[in-house]
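Have a look at protein.pdb below; it lists PDB, C-alpha atoms.
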ATOM      1  CA  MET A   1      95.022  80.239 116.799
ATOM      2  CA  LYS A   2      95.288  79.567 120.557
ATOM      3  CA  LYS A   3      97.435  82.662 121.043
ATOM      4  CA  ARG A   4      94.957  84.872 119.149
ATOM      5  CA  PHE A   5      92.008  83.447 121.137
ATOM      6  CA  SER A   6      93.852  84.073 124.397
ATOM      7  CA  GLN A   7      94.638  87.661 123.393
ATOM      8  CA  LEU A   8      90.994  88.245 122.486
ATOM      9  CA  MET A   9      89.822  86.830 125.814
ATOM     10  CA  TRP A  10      92.187  89.077 127.790
ATOM     11  CA  ALA A  11      91.133  92.080 125.742
ATOM     12  CA  MET A  12      87.482  91.322 126.557
ATOM     13  CA  VAL A  13      88.203  90.856 130.273
ATOM     14  CA  LEU A  14      90.224  94.063 130.496
ATOM     15  CA  GLY A  15      87.581  95.893 128.489
ATOM     16  CA  CYS A  16      84.883  94.749 130.890
ATOM     17  CA  LEU A  17      86.932  95.718 133.926
ATOM     18  CA  GLY A  18      87.617  99.114 132.405
ATOM     19  CA  PHE A  19      83.915  99.564 131.683
ATOM     20  CA  MET A  20      83.003  98.781 135.302
ATOM     21  CA  ALA A  21      85.469 101.377 136.569
ATOM     22  CA  THR A  22      84.379 104.172 134.222
ATOM     23  CA  ALA A  23      82.526 107.265 135.276
ATOM     24  CA  GLN A  24      78.944 108.064 134.395
ATOM     25  CA  THR A  25      78.212 108.065 130.669
ATOM     26  CA  CYS A  26      75.501 110.343 129.267
ATOM     27  CA  LEU A  27      74.150 110.699 125.742
ATOM     28  CA  THR A  28      73.658 114.306 124.705
ATOM     29  CA  THR A  29      71.300 113.166 121.934
ATOM     30  CA  VAL A  30      68.776 111.986 124.550
ATOM     31  CA  THR A  31      66.674 114.525 126.435
ATOM     32  CA  ALA A  32      67.446 114.701 130.171
ATOM     33  CA  THR A  33      64.633 113.322 132.344
ATOM     34  CA  THR A  34      65.731 114.676 135.752
ATOM     35  CA  GLN A  35      67.014 118.149 135.061
ATOM     36  CA  SER A  36      68.676 119.894 137.979
ATOM     37  CA  ASP A  37      66.342 122.897 137.876
ATOM     38  CA  VAL A  38      63.409 120.661 138.897
ATOM     39  CA  PHE A  39      65.081 120.135 142.288
ATOM     40  CA  VAL A  40      65.259 122.717 145.074
ATOM     41  CA  ASP A  41      68.381 122.343 147.211
ATOM     42  CA  ASN A  42      67.228 122.668 150.818
ATOM     43  CA  GLU A  43      70.879 123.073 151.889
ATOM     44  CA  ASP A  44      70.529 120.394 154.566
ATOM     45  CA  GLY A  45      71.333 117.207 152.659
ATOM     46  CA  THR A  46      67.895 117.071 151.037
ATOM     47  CA  VAL A  47      66.334 118.234 147.789
ATOM     48  CA  THR A  48      62.695 118.759 146.911
ATOM     49  CA  ASP A  49      61.431 117.668 143.509
ATOM     50  CA  THR A  50      59.052 120.446 142.445
ATOM     51  CA  SER A  51      57.324 118.166 139.930
ATOM     52  CA  THR A  52      56.335 115.543 142.542
ATOM     53  CA  GLY A  53      56.479 117.478 145.818
ATOM     54  CA  LEU A  54      58.729 114.779 147.283
ATOM     55  CA  THR A  55      61.763 115.575 149.430
ATOM     56  CA  TRP A  56      64.679 113.193 148.942
ATOM     57  CA  MET A  57      67.825 112.526 150.909
ATOM     58  CA  ARG A  58      70.693 113.412 148.597
ATOM     59  CA  CYS A  59      72.747 110.502 149.945
ATOM     60  CA  SER A  60      72.039 106.803 150.098
ATOM     61  CA  VAL A  61      71.418 105.274 153.533
ATOM     62  CA  GLY A  62      74.806 104.858 155.233
ATOM     63  CA  GLN A  63      76.381 107.896 153.577
ATOM     64  CA  SER A  64      76.630 111.400 155.067
ATOM     65  CA  TRP A  65      76.101 114.745 153.349
ATOM     66  CA  ASP A  66      79.173 116.992 153.147
ATOM     67  CA  GLY A  67      77.576 120.382 152.474
ATOM     68  CA  GLU A  68      80.869 122.210 152.100
ATOM     69  CA  ASN A  69      81.968 120.010 149.191
ATOM     70  CA  GLU A  70      78.405 119.144 148.110
ATOM     71  CA  LEU A  71      78.884 115.403 148.018
ATOM     72  CA  CYS A  72      77.970 112.203 149.791
ATOM     73  CA  VAL A  73      80.775 110.639 151.791
ATOM     74  CA  GLY A  74      81.228 107.197 153.243
ATOM     75  CA  GLU A  75      79.965 103.834 152.117
ATOM     76  CA  ALA A  76      76.315 103.311 151.284
ATOM     77  CA  SER A  77      74.687 100.498 153.269
ATOM     78  CA  GLN A  78      73.334  97.404 151.599
ATOM     79  CA  LEU A  79      70.249  96.150 153.403
ATOM     80  CA  ASN A  80      67.694  93.423 152.943
ATOM     81  CA  TRP A  81      64.131  94.612 152.327
ATOM     82  CA  GLN A  82      63.022  94.401 155.974
ATOM     83  CA  GLN A  83      66.144  96.265 157.138
ATOM     84  CA  ALA A  84      65.515  98.919 154.469
ATOM     85  CA  LEU A  85      61.982  99.519 155.744
ATOM     86  CA  GLN A  86      63.231  99.597 159.338
ATOM     87  CA  SER A  87      66.013 102.085 158.492
ATOM     88  CA  ALA A  88      63.381 104.778 158.003
ATOM     89  CA  TYR A  89      61.236 103.942 161.019
ATOM     90  CA  GLY A  90      61.122 106.926 163.399
ATOM     91  CA  LEU A  91      64.003 108.638 161.597
ATOM     92  CA  GLU A  92      64.380 112.393 161.914
ATOM     93  CA  PHE A  93      66.747 113.967 159.385
ATOM     94  CA  ALA A  94      67.177 117.622 158.402
ATOM     95  CA  GLY A  95      64.431 118.502 160.874
ATOM     96  CA  LEU A  96      61.954 116.294 159.029
ATOM     97  CA  LYS A  97      60.069 113.202 160.094
ATOM     98  CA  GLY A  98      58.100 110.696 158.060
ATOM     99  CA  TRP A  99      61.051 109.321 156.115
ATOM    100  CA  ARG A 100      60.270 106.123 154.241
ATOM    101  CA  VAL A 101      61.435 103.840 151.458
ATOM    102  CA  PRO A 102      59.833 105.167 148.252
ATOM    103  CA  ASN A 103      57.403 103.133 146.188
ATOM    104  CA  VAL A 104      58.680 101.924 142.810
ATOM    105  CA  LYS A 105      56.969 104.730 140.882
ATOM    106  CA  GLU A 106      58.531 107.405 143.127
ATOM    107  CA  LEU A 107      61.988 105.831 142.951
ATOM    108  CA  THR A 108      61.764 105.486 139.173
ATOM    109  CA  SER A 109      61.121 109.249 138.974
ATOM    110  CA  LEU A 110      64.818 109.726 139.890
ATOM    111  CA  VAL A 111      66.114 107.705 136.933
ATOM    112  CA  GLU A 112      68.044 109.818 134.444
ATOM    113  CA  ARG A 113      67.325 108.115 131.106
ATOM    114  CA  GLN A 114      70.133 110.065 129.434
ATOM    115  CA  CYS A 115      72.841 108.370 131.565
ATOM    116  CA  VAL A 116      74.158 105.023 132.773
ATOM    117  CA  HIS A 117      76.567 103.994 135.538
ATOM    118  CA  PRO A 118      74.755 105.552 137.382
ATOM    119  CA  ALA A 119      71.437 106.399 135.728
ATOM    120  CA  ILE A 120      70.748 109.330 138.058
ATOM    121  CA  ASN A 121      71.458 113.069 138.110
ATOM    122  CA  GLU A 122      74.885 113.076 139.796
ATOM    123  CA  GLU A 123      74.768 116.815 140.445
ATOM    124  CA  ILE A 124      71.722 116.301 142.678
ATOM    125  CA  PHE A 125      72.555 112.797 143.972
ATOM    126  CA  PRO A 126      76.374 112.560 144.046
ATOM    127  CA  ASN A 127      78.225 109.297 144.710
ATOM    128  CA  THR A 128      75.127 107.164 144.128
ATOM    129  CA  PRO A 129      76.117 103.508 143.821
ATOM    130  CA  SER A 130      75.538 102.220 140.299
ATOM    131  CA  ASP A 131      73.425  99.312 141.516
ATOM    132  CA  ASP A 132      69.976  98.183 142.695
ATOM    133  CA  PHE A 133      67.927 100.236 145.186
ATOM    134  CA  TRP A 134      64.926  98.960 147.137
ATOM    135  CA  SER A 135      61.447 100.311 146.682
ATOM    136  CA  ALA A 136      58.714  99.715 149.260
ATOM    137  CA  THR A 137      56.554  98.057 146.597
ATOM    138  CA  PRO A 138      56.158  94.321 147.187
ATOM    139  CA  SER A 139      55.355  91.848 144.432
ATOM    140  CA  MET A 140      51.646  91.206 144.031
ATOM    141  CA  LEU A 141      52.284  87.579 143.058
ATOM    142  CA  ASP A 142      55.260  86.542 145.191
ATOM    143  CA  THR A 143      55.426  87.579 148.850
ATOM    144  CA  GLN A 144      59.153  86.816 148.895
ATOM    145  CA  ARG A 145      60.010  89.565 146.372
ATOM    146  CA  ALA A 146      59.874  93.359 146.098
ATOM    147  CA  TRP A 147      60.591  95.856 143.317
ATOM    148  CA  THR A 148      64.010  97.431 142.871
ATOM    149  CA  VAL A 149      65.301 100.161 140.580
ATOM    150  CA  ALA A 150      68.716  99.568 139.045
ATOM    151  CA  PHE A 151      70.634 102.830 138.955
ATOM    152  CA  TYR A 152      73.254 101.355 136.643
ATOM    153  CA  ASN A 153      70.810 101.476 133.704
ATOM    154  CA  GLY A 154      67.428 102.663 135.043
ATOM    155  CA  SER A 155      65.599  99.345 134.776
ATOM    156  CA  ASN A 156      63.410  97.861 137.489
ATOM    157  CA  ALA A 157      62.949  94.258 138.550
ATOM    158  CA  LEU A 158      61.587  92.039 141.268
ATOM    159  CA  LYS A 159      64.257  90.831 143.703
ATOM    160  CA  ALA A 160      64.194  88.430 146.626
ATOM    161  CA  LYS A 161      63.646  90.368 149.869
ATOM    162  CA  THR A 162      66.657  88.556 151.340
ATOM    163  CA  LEU A 163      69.088  90.283 148.918
ATOM    164  CA  PHE A 164      71.037  93.421 149.871
ATOM    165  CA  PRO A 165      70.424  96.396 147.537
ATOM    166  CA  TYR A 166      70.954 100.033 148.532
ATOM    167  CA  VAL A 167      68.348 102.449 149.898
ATOM    168  CA  ARG A 168      67.413 106.129 149.382
ATOM    169  CA  LEU A 169      64.718 107.643 151.597
ATOM    170  CA  VAL A 170      61.950 110.105 150.803
ATOM    171  CA  THR A 171      59.378 112.222 152.665
ATOM    172  CA  ARG A 172      57.088 115.198 152.097
ATOM    173  CA  ARG A 173      57.893 118.634 153.531
TER     174      ARG A 173
END

Do you think you could lay out the structure here as structure tokens?
Amino acid sequence: MKKRFSQLMWAMVLGCLGFMATAQTCLTTVTATTQSDVFVDNEDGTVTDTSTGLTWMRCSVGQSWDGENELCVGEASQLNWQQALQSAYGLEFAGLKGWRVPNVKELTSLVERQCVHPAINEEIFPNTPSDDFWSATPSMLDTQRAWTVAFYNGSNALKAKTLFPYVRLVTRR
């Protein structure tokens, strides 16, 4: 009995580790919510969502856009909420100013409900960490928390502002 239990435990551990290392999983039976044709590639590391009018950085803060290979390179930065807000202050990128941390509704508009790990359109936003991203929306009831969007499954939650999620910036053209 002990041997069987031990084998089951190892199988579960290895299964979980394998799951964490897997690539994005998408269900073809679910309708895509962020289809690629909604985004205009500005060919400068940004895309414009024609349904919202918002222009997004294709890479997370800390990564760089490699236009030749059309992917984000480098490690995304994990910042506390104040650092996230400050990362956009005065930033000029792709000839644009006014970059900011998106509100929770804007950030949620990027969630691809068809996919997990990450729950985002990888063609448009390659190499997105499958983890929490800050929004600029603070909690109405707890000044120590702000809303995040989890790009591993598309959920959102309040998190302590002292934690270190990732950040994606937005502006209007």

Go ahead and fit an axis-aligned box to every listed atom of segment 94-100 of chain A plus 4 Å each side, and pass me the centre and edge lengths in Å, one decimal, as lines of an AutoDock Vina configuration file.
center_x = 62.6
center_y = 112.3
center_z = 157.6
size_x = 17.1
size_y = 20.4
size_z = 14.6

### Query
Using all atoms listed in the file, which of the listed residues (A:Tyr152, A:Phe93, A:Phe164, A:Trp147) sits closest to Ser64 of chain A?
A:Phe93

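Compared by their closest atoms to Ala76 of chain A, and using all atoms listed in the file, the residues A:Thr25, A:Ser51, A:Thr128, A:Asn42 rank with A:Thr128 nearest.
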
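Atom CA of Thr46 of chain A to atom CA of Trp65 of chain A spans 8.8 Å [interatomic distance, one decimal].
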
### Query
Leaving out Ala84 of chain A and any residue of its chain fewer than 2 positions from it, which residues lie within 10 Å of it when counting only C-alpha atoms, given as an MDAnalysis selection string?
chainID A and resid 61 77:82 86:89 100:101 133:136 161 164:169

### Message
Quick check on the file I pasted: which residues fall under the PyMOL selection byres ((chain A and resi 143) around 12)? Write them as a ChimeraX atom specification.
### Response
/A:81,137-142,144-147,158-162

Next, the residues of the selection above should be written as a PDB file, keeping the file's coordinate frame with C-alpha atoms.
ATOM      1  CA  TRP A  81      64.131  94.612 152.327  1.00  0.00           C
ATOM      2  CA  THR A 137      56.554  98.057 146.597  1.00  0.00           C
ATOM      3  CA  PRO A 138      56.158  94.321 147.187  1.00  0.00           C
ATOM      4  CA  SER A 139      55.355  91.848 144.432  1.00  0.00           C
ATOM      5  CA  MET A 140      51.646  91.206 144.031  1.00  0.00           C
ATOM      6  CA  LEU A 141      52.284  87.579 143.058  1.00  0.00           C
ATOM      7  CA  ASP A 142      55.260  86.542 145.191  1.00  0.00           C
ATOM      8  CA  GLN A 144      59.153  86.816 148.895  1.00  0.00           C
ATOM      9  CA  ARG A 145      60.010  89.565 146.372  1.00  0.00           C
ATOM     10  CA  ALA A 146      59.874  93.359 146.098  1.00  0.00           C
ATOM     11  CA  TRP A 147      60.591  95.856 143.317  1.00  0.00           C
ATOM     12  CA  LEU A 158      61.587  92.039 141.268  1.00  0.00           C
ATOM     13  CA  LYS A 159      64.257  90.831 143.703  1.00  0.00           C
ATOM     14  CA  ALA A 160      64.194  88.430 146.626  1.00  0.00           C
ATOM     15  CA  LYS A 161      63.646  90.368 149.869  1.00  0.00           C
ATOM     16  CA  THR A 162      66.657  88.556 151.340  1.00  0.00           C
TER      17      THR A 162
END

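You will find atom CA of Ala32 of chain A at 11.2 Å from atom CA of Leu110 of chain A.
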
### Query
Restricting the calculation to only C-alpha atoms, which member of A:Ser60, A:Asn127, A:Ser36, A:Asn153 is positioned closest to Val111 of chain A?
A:Asn153

Assuming the input is short of atoms at segment 111-129 of chain A, produce N, CA and C atoms for that part as a PDB file, in the coordinates of the input.
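Done, and the output landed in selection05.pdb:
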ATOM      1  N   VAL A 111      65.273 108.265 137.989  1.00  0.00           N
ATOM      2  CA  VAL A 111      66.114 107.705 136.933  1.00  0.00           C
ATOM      3  C   VAL A 111      66.372 108.754 135.856  1.00  0.00           C
ATOM      4  N   GLU A 112      67.640 108.939 135.544  1.00  0.00           N
ATOM      5  CA  GLU A 112      68.044 109.818 134.444  1.00  0.00           C
ATOM      6  C   GLU A 112      68.255 108.941 133.222  1.00  0.00           C
ATOM      7  N   ARG A 113      67.311 108.984 132.294  1.00  0.00           N
ATOM      8  CA  ARG A 113      67.325 108.115 131.106  1.00  0.00           C
ATOM      9  C   ARG A 113      68.445 108.466 130.125  1.00  0.00           C
ATOM     10  N   GLN A 114      69.049 109.620 130.303  1.00  0.00           N
ATOM     11  CA  GLN A 114      70.133 110.065 129.434  1.00  0.00           C
ATOM     12  C   GLN A 114      71.464 109.389 129.806  1.00  0.00           C
ATOM     13  N   CYS A 115      71.550 108.843 131.036  1.00  0.00           N
ATOM     14  CA  CYS A 115      72.841 108.370 131.565  1.00  0.00           C
ATOM     15  C   CYS A 115      72.790 106.932 132.060  1.00  0.00           C
ATOM     16  N   VAL A 116      73.977 106.333 132.148  1.00  0.00           N
ATOM     17  CA  VAL A 116      74.158 105.023 132.773  1.00  0.00           C
ATOM     18  C   VAL A 116      75.381 105.083 133.685  1.00  0.00           C
ATOM     19  N   HIS A 117      75.432 104.173 134.607  1.00  0.00           N
ATOM     20  CA  HIS A 117      76.567 103.994 135.538  1.00  0.00           C
ATOM     21  C   HIS A 117      76.955 105.261 136.285  1.00  0.00           C
ATOM     22  N   PRO A 118      76.139 105.892 137.070  1.00  0.00           N
ATOM     23  CA  PRO A 118      74.755 105.552 137.382  1.00  0.00           C
ATOM     24  C   PRO A 118      73.750 106.313 136.518  1.00  0.00           C
ATOM     25  N   ALA A 119      72.539 105.790 136.483  1.00  0.00           N
ATOM     26  CA  ALA A 119      71.437 106.399 135.728  1.00  0.00           C
ATOM     27  C   ALA A 119      70.658 107.324 136.667  1.00  0.00           C
ATOM     28  N   ILE A 120      71.341 108.368 137.131  1.00  0.00           N
ATOM     29  CA  ILE A 120      70.748 109.330 138.058  1.00  0.00           C
ATOM     30  C   ILE A 120      71.471 110.660 137.865  1.00  0.00           C
ATOM     31  N   ASN A 121      70.843 111.747 138.215  1.00  0.00           N
ATOM     32  CA  ASN A 121      71.458 113.069 138.110  1.00  0.00           C
ATOM     33  C   ASN A 121      72.520 113.168 139.207  1.00  0.00           C
ATOM     34  N   GLU A 122      73.788 113.076 138.816  1.00  0.00           N
ATOM     35  CA  GLU A 122      74.885 113.076 139.796  1.00  0.00           C
ATOM     36  C   GLU A 122      75.103 114.439 140.442  1.00  0.00           C
ATOM     37  N   GLU A 123      74.660 115.492 139.826  1.00  0.00           N
ATOM     38  CA  GLU A 123      74.768 116.815 140.445  1.00  0.00           C
ATOM     39  C   GLU A 123      73.861 116.877 141.677  1.00  0.00           C
ATOM     40  N   ILE A 124      72.693 116.291 141.581  1.00  0.00           N
ATOM     41  CA  ILE A 124      71.722 116.301 142.678  1.00  0.00           C
ATOM     42  C   ILE A 124      71.983 115.165 143.663  1.00  0.00           C
ATOM     43  N   PHE A 125      72.338 113.995 143.150  1.00  0.00           N
ATOM     44  CA  PHE A 125      72.555 112.797 143.972  1.00  0.00           C
ATOM     45  C   PHE A 125      73.969 112.261 143.746  1.00  0.00           C
ATOM     46  N   PRO A 126      74.984 112.962 144.292  1.00  0.00           N
ATOM     47  CA  PRO A 126      76.374 112.560 144.046  1.00  0.00           C
ATOM     48  C   PRO A 126      76.743 111.251 144.750  1.00  0.00           C
ATOM     49  N   ASN A 127      77.683 110.545 144.141  1.00  0.00           N
ATOM     50  CA  ASN A 127      78.225 109.297 144.710  1.00  0.00           C
ATOM     51  C   ASN A 127      77.156 108.226 144.926  1.00  0.00           C
ATOM     52  N   THR A 128      76.147 108.211 144.063  1.00  0.00           N
ATOM     53  CA  THR A 128      75.127 107.164 144.128  1.00  0.00           C
ATOM     54  C   THR A 128      75.714 105.872 143.588  1.00  0.00           C
ATOM     55  N   PRO A 129      75.630 104.783 144.349  1.00  0.00           N
ATOM     56  CA  PRO A 129      76.117 103.508 143.821  1.00  0.00           C
ATOM     57  C   PRO A 129      75.369 103.139 142.533  1.00  0.00           C
TER      58      PRO A 129
END
